[in-house]
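Colleague: I'm passing along work19.csv; it holds CSV, C-alpha atoms.
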chain,number,residue,atom,x,y,z
A,845,MET,CA,121.8,-7.9,100.8
A,846,LYS,CA,122.2,-4.2,100.5
A,847,ARG,CA,118.4,-3.7,101.0
A,848,ILE,CA,118.5,-5.9,104.1
A,849,GLY,CA,121.4,-3.8,105.5
A,850,VAL,CA,119.5,-0.6,105.0
A,851,THR,CA,116.4,-2.0,106.6
A,852,ALA,CA,118.3,-3.2,109.6
A,853,SER,CA,120.0,0.2,110.0
A,854,LEU,CA,116.6,1.9,109.9
A,855,LEU,CA,115.3,-0.6,112.5
A,856,LEU,CA,118.2,0.2,114.8
A,857,PHE,CA,117.6,3.9,114.3
A,858,VAL,CA,113.9,3.4,115.4
A,859,ILE,CA,114.7,1.2,118.4
A,860,LEU,CA,117.7,3.1,119.8
A,861,PRO,CA,117.1,6.6,121.1
A,862,ALA,CA,119.2,9.3,119.6
A,863,ARG,CA,122.3,10.3,121.6
A,864,GLY,CA,121.5,13.0,124.2
A,865,GLN,CA,117.7,12.3,124.0
A,866,SER,CA,117.6,9.7,126.8
A,867,LYS,CA,115.7,10.7,129.9
A,868,LEU,CA,117.8,12.5,132.5
A,869,SER,CA,118.1,10.6,135.8
A,870,ALA,CA,117.0,12.5,138.9
A,871,LYS,CA,119.7,10.9,141.0
A,872,TRP,CA,122.6,13.3,141.6
A,873,GLU,CA,125.1,10.4,141.7
A,874,GLN,CA,124.0,8.9,138.4
A,875,LEU,CA,124.5,12.0,136.3
A,876,THR,CA,127.6,12.8,134.3
A,877,ALA,CA,129.1,16.2,134.8
A,878,GLU,CA,127.6,17.4,131.5
A,879,ASP,CA,124.2,15.9,132.3
A,880,PHE,CA,124.3,17.4,135.8
A,881,ARG,CA,124.3,20.9,134.3
A,882,THR,CA,121.4,20.1,132.1
A,883,ALA,CA,119.6,18.5,135.1
A,884,ILE,CA,120.0,21.6,137.3
A,885,GLN,CA,118.6,23.8,134.5
A,886,GLN,CA,115.7,21.4,133.9
A,887,ALA,CA,115.0,21.4,137.7
A,888,GLN,CA,115.1,25.2,137.8
A,889,GLY,CA,117.8,25.0,140.5
A,890,THR,CA,115.5,22.9,142.7
A,891,CYS,CA,117.0,19.9,144.6
A,892,LEU,CA,115.7,17.5,147.1
A,893,LEU,CA,117.7,16.3,150.2
A,894,PRO,CA,115.9,13.3,151.5
A,895,PHE,CA,116.9,12.9,155.1
A,896,GLY,CA,116.8,9.5,156.9
A,897,ILE,CA,118.7,7.8,159.7
A,898,LEU,CA,120.2,4.5,160.8
A,899,GLU,CA,118.4,3.1,163.8
A,900,LYS,CA,116.5,0.0,165.0
A,901,HIS,CA,112.9,-0.2,163.7
A,902,GLY,CA,111.4,-2.8,166.0
A,903,PRO,CA,112.4,-6.5,165.4
A,904,HIS,CA,110.9,-6.5,161.9
A,905,LEU,CA,112.1,-3.5,159.8
A,906,PRO,CA,115.5,-2.6,158.4
A,907,LEU,CA,117.8,-0.1,160.1
A,908,GLY,CA,117.6,2.2,157.2
A,909,THR,CA,113.7,2.3,157.1
A,910,ASP,CA,113.5,6.1,157.3
A,911,LEU,CA,116.1,6.6,154.6
A,912,LEU,CA,114.6,3.9,152.3
A,913,ASN,CA,111.1,5.3,152.6
A,914,VAL,CA,111.9,8.9,152.2
A,915,ARG,CA,114.0,8.3,149.1
A,916,TYR,CA,111.2,6.1,147.6
A,917,ALA,CA,108.8,9.0,148.1
A,918,ALA,CA,111.2,11.6,146.8
A,919,LEU,CA,112.2,9.6,143.7
A,920,HIS,CA,108.6,9.0,142.8
A,921,ALA,CA,107.7,12.6,143.3
A,922,VAL,CA,110.3,13.8,140.9
A,923,GLU,CA,108.8,11.6,138.2
A,924,GLN,CA,105.9,14.0,138.3
A,925,GLU,CA,107.8,17.3,138.9
A,926,TYR,CA,111.5,17.1,138.1
A,927,ALA,CA,114.2,18.0,140.6
A,928,VAL,CA,117.6,16.6,141.4
A,929,VAL,CA,117.8,14.2,144.3
A,930,PHE,CA,120.9,14.2,146.5
A,931,PRO,CA,122.4,10.8,147.5
A,932,GLU,CA,121.6,8.9,150.7
A,933,TYR,CA,121.9,11.2,153.7
A,934,TYR,CA,121.5,9.8,157.2
A,935,PHE,CA,123.6,12.1,159.5
A,936,GLY,CA,120.8,13.2,161.8
A,937,GLN,CA,119.7,13.1,165.4
A,938,ILE,CA,119.3,9.7,167.0
A,939,PHE,CA,120.9,9.8,170.4
A,940,GLU,CA,117.8,8.1,172.0
A,941,ALA,CA,118.6,4.9,170.1
A,942,LYS,CA,122.3,4.5,171.0
A,943,HIS,CA,121.5,1.5,173.2
A,944,GLN,CA,120.3,-0.5,170.2
A,945,PRO,CA,122.6,-2.3,167.7
A,946,GLY,CA,123.1,-0.7,164.3
A,947,THR,CA,122.4,2.8,165.4
A,948,VAL,CA,124.8,5.5,164.1
A,949,ALA,CA,124.5,8.6,166.2
A,950,TYR,CA,126.7,11.5,165.1
A,951,SER,CA,127.6,14.4,167.5
A,952,MET,CA,125.4,17.4,167.5
A,953,GLU,CA,128.2,19.6,166.2
A,954,LEU,CA,128.9,17.3,163.3
A,955,GLN,CA,125.2,17.0,162.4
A,956,LEU,CA,124.9,20.8,162.0
A,957,LYS,CA,128.3,21.3,160.4
A,958,LEU,CA,127.8,18.5,157.9
A,959,LEU,CA,124.3,19.6,157.0
A,960,GLN,CA,125.4,23.2,156.5
A,961,GLU,CA,128.3,22.2,154.3
A,962,THR,CA,126.1,19.9,152.3
A,963,THR,CA,123.5,22.5,151.5
A,964,ASP,CA,126.3,25.0,150.8
A,965,GLU,CA,127.9,22.6,148.4
A,966,MET,CA,124.5,21.9,146.8
A,967,ALA,CA,124.0,25.6,146.3
A,968,ARG,CA,127.5,26.1,144.9
A,969,ASN,CA,126.5,23.5,142.3
A,970,GLY,CA,123.4,25.4,141.2
A,971,CYS,CA,120.8,24.2,143.7
A,972,LYS,CA,119.5,27.5,144.8
A,973,LYS,CA,116.3,26.0,146.2
A,974,VAL,CA,117.1,23.1,148.6
A,975,ILE,CA,114.2,21.2,149.9
A,976,ILE,CA,115.0,19.0,152.9
A,977,VAL,CA,112.5,16.1,152.9
A,978,ASN,CA,112.5,14.7,156.4
A,979,GLY,CA,111.9,11.0,156.9
A,980,HIS,CA,112.9,10.6,160.5
A,981,GLY,CA,110.9,11.8,163.6
A,982,GLY,CA,114.1,12.5,165.5
A,983,ASN,CA,114.9,15.3,163.1
A,984,GLU,CA,111.7,17.2,163.8
A,985,HIS,CA,113.4,19.7,166.1
A,986,LEU,CA,116.8,19.7,164.3
A,987,LEU,CA,115.6,20.7,160.9
A,988,PRO,CA,113.5,23.8,161.8
A,989,TYR,CA,116.4,25.0,163.9
A,990,PHE,CA,118.8,24.4,161.0
A,991,ALA,CA,116.5,26.4,158.7
A,992,GLN,CA,116.3,29.2,161.2
A,993,ALA,CA,120.1,29.2,161.5
A,994,GLN,CA,120.3,30.2,157.8
A,995,MET,CA,119.6,33.7,159.0
A,996,ALA,CA,122.9,33.9,160.8
A,997,SER,CA,124.9,34.8,157.7
A,998,PRO,CA,124.1,35.6,154.1
A,999,LYS,CA,123.2,32.8,151.7
A,1000,ASP,CA,122.5,32.9,148.0
A,1001,TYR,CA,120.0,30.1,148.3
A,1002,VAL,CA,116.9,29.1,150.2
A,1003,VAL,CA,116.4,26.1,152.5
A,1004,TYR,CA,112.9,24.7,152.7
A,1005,VAL,CA,112.0,22.0,155.2
A,1006,LEU,CA,109.3,19.4,154.5
A,1007,ALA,CA,108.6,17.8,157.8
A,1008,GLY,CA,107.1,14.5,156.6
A,1009,GLU,CA,103.9,12.9,155.5
A,1010,ARG,CA,100.8,15.0,155.5
A,1011,SER,CA,97.7,13.3,157.0
A,1012,ARG,CA,94.7,13.2,154.8
A,1013,PRO,CA,91.2,11.9,155.3
A,1014,GLY,CA,90.1,8.6,154.0
A,1015,GLY,CA,92.1,5.5,153.2
A,1016,PRO,CA,92.1,2.0,154.7
A,1017,ALA,CA,91.0,1.8,158.3
A,1018,LYS,CA,93.8,1.1,160.8
A,1019,LYS,CA,93.6,-2.1,162.8
A,1020,SER,CA,95.6,-1.0,165.8
A,1021,SER,CA,94.7,1.6,168.4
A,1022,GLY,CA,96.8,3.6,170.8
A,1023,VAL,CA,100.3,4.9,170.1
A,1024,ASP,CA,101.8,4.3,166.7
A,1025,TYR,CA,105.0,6.4,166.6
A,1026,HIS,CA,107.8,4.1,165.4
A,1027,ALA,CA,107.8,0.8,163.5
A,1028,GLY,CA,104.1,0.4,164.3
A,1029,GLU,CA,101.2,-0.1,161.9
A,1030,ASN,CA,101.7,3.0,159.8
A,1031,GLU,CA,105.5,2.8,159.3
A,1032,THR,CA,105.4,-1.0,158.8
A,1033,SER,CA,102.7,-0.6,156.2
A,1034,ASN,CA,104.7,2.1,154.4
A,1035,THR,CA,107.7,-0.2,154.2
A,1036,LEU,CA,105.6,-3.2,153.3
A,1037,TYR,CA,104.6,-1.1,150.3
A,1038,THR,CA,107.9,0.4,149.4
A,1039,HIS,CA,110.3,-2.5,150.2
A,1040,PRO,CA,108.2,-5.6,150.9
A,1041,GLU,CA,111.4,-7.8,150.6
A,1042,LEU,CA,112.9,-6.1,153.7
A,1043,THR,CA,109.7,-6.2,155.8
A,1044,HIS,CA,109.3,-9.1,158.3
A,1045,THR,CA,105.9,-8.7,159.8
A,1046,ASP,CA,106.1,-12.3,161.2
A,1047,ARG,CA,108.8,-10.9,163.6
A,1048,ALA,CA,106.8,-7.9,164.8
A,1049,LYS,CA,105.4,-9.7,167.9
A,1050,ARG,CA,108.8,-10.7,169.2
A,1051,GLU,CA,109.0,-7.5,171.2
A,1052,SER,CA,106.5,-5.1,172.8
A,1053,GLY,CA,105.8,-1.8,171.2
A,1054,ALA,CA,103.6,-0.7,174.1
A,1055,ASP,CA,104.1,2.5,176.1
A,1056,GLN,CA,105.9,1.5,179.3
A,1057,LYS,CA,104.8,4.7,181.1
A,1058,ARG,CA,107.9,4.8,183.3
A,1059,GLN,CA,107.9,8.6,183.6
A,1060,ASN,CA,105.2,10.7,185.3
A,1061,LEU,CA,105.6,14.3,184.1
A,1062,PRO,CA,103.1,16.8,182.7
A,1063,ASP,CA,103.0,17.1,178.9
A,1064,PHE,CA,104.4,20.7,179.1
A,1065,LEU,CA,107.6,19.6,180.9
A,1066,TYR,CA,110.2,18.1,178.4
A,1067,THR,CA,113.2,15.9,179.1
A,1068,GLY,CA,115.3,14.1,176.5
A,1069,ILE,CA,114.9,10.7,178.2
A,1070,TRP,CA,111.1,10.7,177.5
A,1071,TRP,CA,111.4,8.3,174.6
A,1072,TYR,CA,113.5,5.7,176.3
A,1073,ALA,CA,111.3,5.9,179.4
A,1074,ARG,CA,108.3,5.1,177.3
A,1075,PHE,CA,109.7,2.8,174.6
A,1076,PRO,CA,112.9,1.2,175.7
A,1077,ASN,CA,112.7,-1.4,172.9
A,1078,HIS,CA,112.8,1.5,170.4
A,1079,TYR,CA,109.5,0.3,169.1
A,1080,SER,CA,106.1,2.0,169.4
A,1081,GLY,CA,102.9,0.4,168.1
A,1082,ASP,CA,102.1,-2.9,166.6
A,1083,GLY,CA,103.7,-3.7,163.2
A,1084,SER,CA,102.1,-7.1,162.9
A,1085,VAL,CA,98.8,-5.7,161.7
A,1086,ALA,CA,100.4,-3.7,158.8
A,1087,THR,CA,98.9,-3.9,155.3
A,1088,LYS,CA,100.2,-2.9,151.9
A,1089,GLU,CA,97.0,-1.1,151.2
A,1090,LEU,CA,97.5,1.3,154.1
A,1091,GLY,CA,101.1,1.8,153.1
A,1092,GLU,CA,100.2,2.7,149.5
A,1093,TRP,CA,97.7,5.2,150.8
A,1094,ASN,CA,100.2,6.8,153.1
A,1095,VAL,CA,103.1,6.8,150.7
A,1096,GLN,CA,101.1,8.1,147.7
A,1097,GLY,CA,99.9,11.0,149.9
A,1098,TRP,CA,103.5,11.7,150.9
A,1099,VAL,CA,104.5,11.7,147.2
A,1100,SER,CA,101.8,14.2,146.4
A,1101,THR,CA,103.0,16.5,149.2
A,1102,ILE,CA,106.5,16.4,147.9
A,1103,VAL,CA,105.3,17.2,144.4
A,1104,GLU,CA,103.4,20.1,145.7
A,1105,ALA,CA,106.5,21.3,147.7
A,1106,ILE,CA,108.7,21.2,144.6
A,1107,ARG,CA,106.2,23.2,142.6
A,1108,ALA,CA,105.8,25.7,145.3
A,1109,ALA,CA,109.6,26.1,145.7
A,1110,LYS,CA,110.0,26.6,141.9
A,1111,ALA,CA,107.3,29.3,141.9
A,1112,ASP,CA,108.8,31.0,144.9
A,1113,ASP,CA,110.5,34.2,143.8
A,1114,ALA,CA,110.1,36.1,147.1
A,1115,SER,CA,112.0,34.2,149.7
A,1116,LEU,CA,115.6,34.9,148.4
A,1117,LYS,CA,114.8,38.6,147.9
A,1118,ILE,CA,113.4,38.9,151.4
A,1119,GLN,CA,116.4,37.0,152.8
A,1120,ASN,CA,118.8,39.4,151.1
A,1121,GLU,CA,116.8,42.4,152.4
A,1122,PHE,CA,117.1,40.9,155.9
A,1123,TYR,CA,120.8,40.3,155.6
A,1124,GLU,CA,121.4,43.9,154.6
A,1125,LYS,CA,119.3,45.3,157.4
A,1126,SER,CA,120.9,43.1,160.0
A,1127,LYS,CA,124.3,44.8,159.3
A,1128,HIS,CA,122.9,48.1,160.6
A,1129,PRO,CA,120.2,47.4,163.2
A,1130,PHE,CA,120.2,51.0,164.4
A,1131,ASP,CA,119.0,52.1,160.9
A,1132,THR,CA,115.9,50.0,161.1
A,1133,PRO,CA,112.9,52.3,161.7
A,1134,GLN,CA,111.2,51.9,165.1
Would you mind writing the file out in structure tokens?

Modeller:
Amino acid sequence: MKRIGVTASLLLFVILPARGQSKLSAKWEQLTAEDFRTAIQQAQGTCLLPFGILEKHGPHLPLGTDLLNVRYAALHAVEQEYAVVFPEYYFGQIFEAKHQPGTVAYSMELQLKLLQETTDEMARNGCKKVIIVNGHGGNEHLLPYFAQAQMASPKDYVVYVLAGERSRPGGPAKKSSGVDYHAGENETSNTLYTHPELTHTDRAKRESGADQKRQNLPDFLYTGIWWYARFPNHYSGDGSVATKELGEWNVQGWVSTIVEAIRAAKADDASLKIQNEFYEKSKHPFDTPQ
């Protein structure tokens, strides 16, 4: 009996990982306070802020499509290059979809204030390199402006903005032609790959994703109503022809881009130094040589 007990103990020792040797989660919200400190060190102070939104995605995709897909890509990227991933964040620009059910559109002031306080708090907790990974087209103007606004006052951290998927040659041929901006073939394919259980391609034909062309202005003249004028159903393209193969190609390319961004940020030892130089010079502009 004693021999059996020793054998069982040894077996348990082999099967169960030693305390403290389990793999660290990359999800901020899943870490204990002690593990969080270790995670920040392992990530070299690099954190991801995947940025989505809550809005209609045609008649066939979930409201949180952007958030679901960007977090999928981010969480798979950190499996290859470790970084800490901030919890679900969906407080962006989506005024153009306020006429659709389920849309949550925060005021412009709150969007900027909340994003600033979020990155400030991330930095206070050791994230000195914050990579905002954008998953929503409506943030394409907001985020570069936010990054530029970091020059307004001194920061001890750097904000990087990763705009979205990077196109690459090859991959499965698309079946649709024409516009494909929102909930169309590409985005539906992506969600069919990342969250097939939430994708209802059989409903994609219930509404039109065609350009209604209700506004006749030159391309160089911008107005905020352009999206609603062209796509009042908040749907652009044809999601019915989506394929999992195209989604896999798109998303894996996105994952690779995020991995590259994490590695570039970790290796970047210039940006913060240059920021500090700028902050100092901006205090005394008349001292700047002309």

Colleague: In Å to one decimal, how far is atom CA of Val1023 of chain A from atom CA of Phe1075 of chain A?

Modeller: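 Separation between atom CA of Phe1075 of chain A and atom CA of Val1023 of chain A: 10.6 Å.
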
Colleague: Give me, please, the distance in Å between atom CA of Gly970 of chain A and atom CA of Lys1125 of chain A, quoted to one decimal.

Modeller: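 Distance between the two atoms: 26.0 Å.
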
Colleague: Between A:Val1002, A:Ala949, A:Ala991, A:Leu956, single out the one closest to Asp1113 of chain A, counting only C-alpha atoms.

Modeller: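 Of A:Val1002, A:Ala949, A:Ala991, A:Leu956, the one nearest Asp1113 of chain A is A:Val1002, counting only C-alpha atoms.
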
Colleague: Can you tell me which residues surround Leu986 of chain A at a distance of at most 12 Å, considering only C-alpha atoms, apart from same-chain residues fewer than 3 positions away, and format the answer as a ChimeraX atom specification?

Modeller: /A:895,935-938,952-953,955-956,959,976,978,980-983,989-993,1005,1007

Colleague: Distance cut-off 12 Å, centre (114.8, 2.6, 170.9) in file coordinates, counting all atoms listed in the file: which residues qualify? Return them as a ChimeraX atom specification.

Modeller: /A:898-903,907,938-947,982,1025-1027,1051-1053,1055,1069-1080

Colleague: Atom CA of Ser1020 of chain A and atom CA of Ala921 of chain A, how far apart in Å?

Modeller: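 Straight-line distance from atom CA of Ala921 of chain A to atom CA of Ser1020 of chain A works out to 28.9 Å.
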
Colleague: Pick from A:Gly1068, A:Pro894, A:Pro1133, A:Pro931: nearest to Tyr1004 of chain A, with all atoms listed in the file counted?

Modeller: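 Checking each of A:Gly1068, A:Pro894, A:Pro1133, A:Pro931 against Tyr1004 of chain A, counting all atoms listed in the file, the winner is A:Pro894.
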
Colleague: Set the distance at 12 Å and use all atoms listed in the file: which residues neighbour Thr882 of chain A once local chain neighbours fewer than 3 positions away are removed? I'd like the list as a PDB file with C-alpha atoms, in the coordinates of the input.

Modeller:
ATOM      1  CA  GLY A 864     121.500  13.000 124.200  1.00  0.00           C
ATOM      2  CA  GLN A 865     117.700  12.300 124.000  1.00  0.00           C
ATOM      3  CA  LYS A 867     115.700  10.700 129.900  1.00  0.00           C
ATOM      4  CA  LEU A 868     117.800  12.500 132.500  1.00  0.00           C
ATOM      5  CA  SER A 869     118.100  10.600 135.800  1.00  0.00           C
ATOM      6  CA  ALA A 870     117.000  12.500 138.900  1.00  0.00           C
ATOM      7  CA  TRP A 872     122.600  13.300 141.600  1.00  0.00           C
ATOM      8  CA  LEU A 875     124.500  12.000 136.300  1.00  0.00           C
ATOM      9  CA  THR A 876     127.600  12.800 134.300  1.00  0.00           C
ATOM     10  CA  ALA A 877     129.100  16.200 134.800  1.00  0.00           C
ATOM     11  CA  GLU A 878     127.600  17.400 131.500  1.00  0.00           C
ATOM     12  CA  ASP A 879     124.200  15.900 132.300  1.00  0.00           C
ATOM     13  CA  GLN A 885     118.600  23.800 134.500  1.00  0.00           C
ATOM     14  CA  GLN A 886     115.700  21.400 133.900  1.00  0.00           C
ATOM     15  CA  ALA A 887     115.000  21.400 137.700  1.00  0.00           C
ATOM     16  CA  GLN A 888     115.100  25.200 137.800  1.00  0.00           C
ATOM     17  CA  GLY A 889     117.800  25.000 140.500  1.00  0.00           C
ATOM     18  CA  TYR A 926     111.500  17.100 138.100  1.00  0.00           C
ATOM     19  CA  ALA A 927     114.200  18.000 140.600  1.00  0.00           C
ATOM     20  CA  VAL A 928     117.600  16.600 141.400  1.00  0.00           C
ATOM     21  CA  ASN A 969     126.500  23.500 142.300  1.00  0.00           C
ATOM     22  CA  GLY A 970     123.400  25.400 141.200  1.00  0.00           C
TER      23      GLY A 970
END

Colleague: Taking only C-alpha atoms into account, which of A:Phe1130, A:Ala1108, A:Phe1122, A:Phe930 comes nearest Pro998 of chain A?

Modeller: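 Distance minimum relative to Pro998 of chain A lands on A:Phe1122.
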
Colleague: Could you list, as a PyMOL selection string, every residue within 6 Å of Ala1048 of chain A, counting only C-alpha atoms and ignoring same-chain residues fewer than 2 positions away?

Modeller: chain A and resi 903-904+1045-1046+1050+1083-1084

Colleague: Nearest to Leu987 of chain A among A:Gln960, A:Asn1094, A:Thr1043, A:Ser1033, with distances taken over all atoms listed in the file: which residue is it?

Modeller: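 Closest to Leu987 of chain A, using all atoms listed in the file: A:Gln960.
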
Colleague: Between A:Leu958, A:Val977, A:Gly908, A:Asp964, which has the minimum distance to Val1103 of chain A (counting all atoms listed in the file)?

Modeller: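 Among the listed residues, A:Val977 lies closest to Val1103 of chain A.
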
Colleague: With all atoms listed in the file as the basis for distance, which of A:Pro988, A:Pro1129, A:Gly1014, A:Gly1028 is at the shortest distance from Gly1097 of chain A?

Modeller: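 Of all the options, A:Gly1014 lies closest to Gly1097 of chain A.
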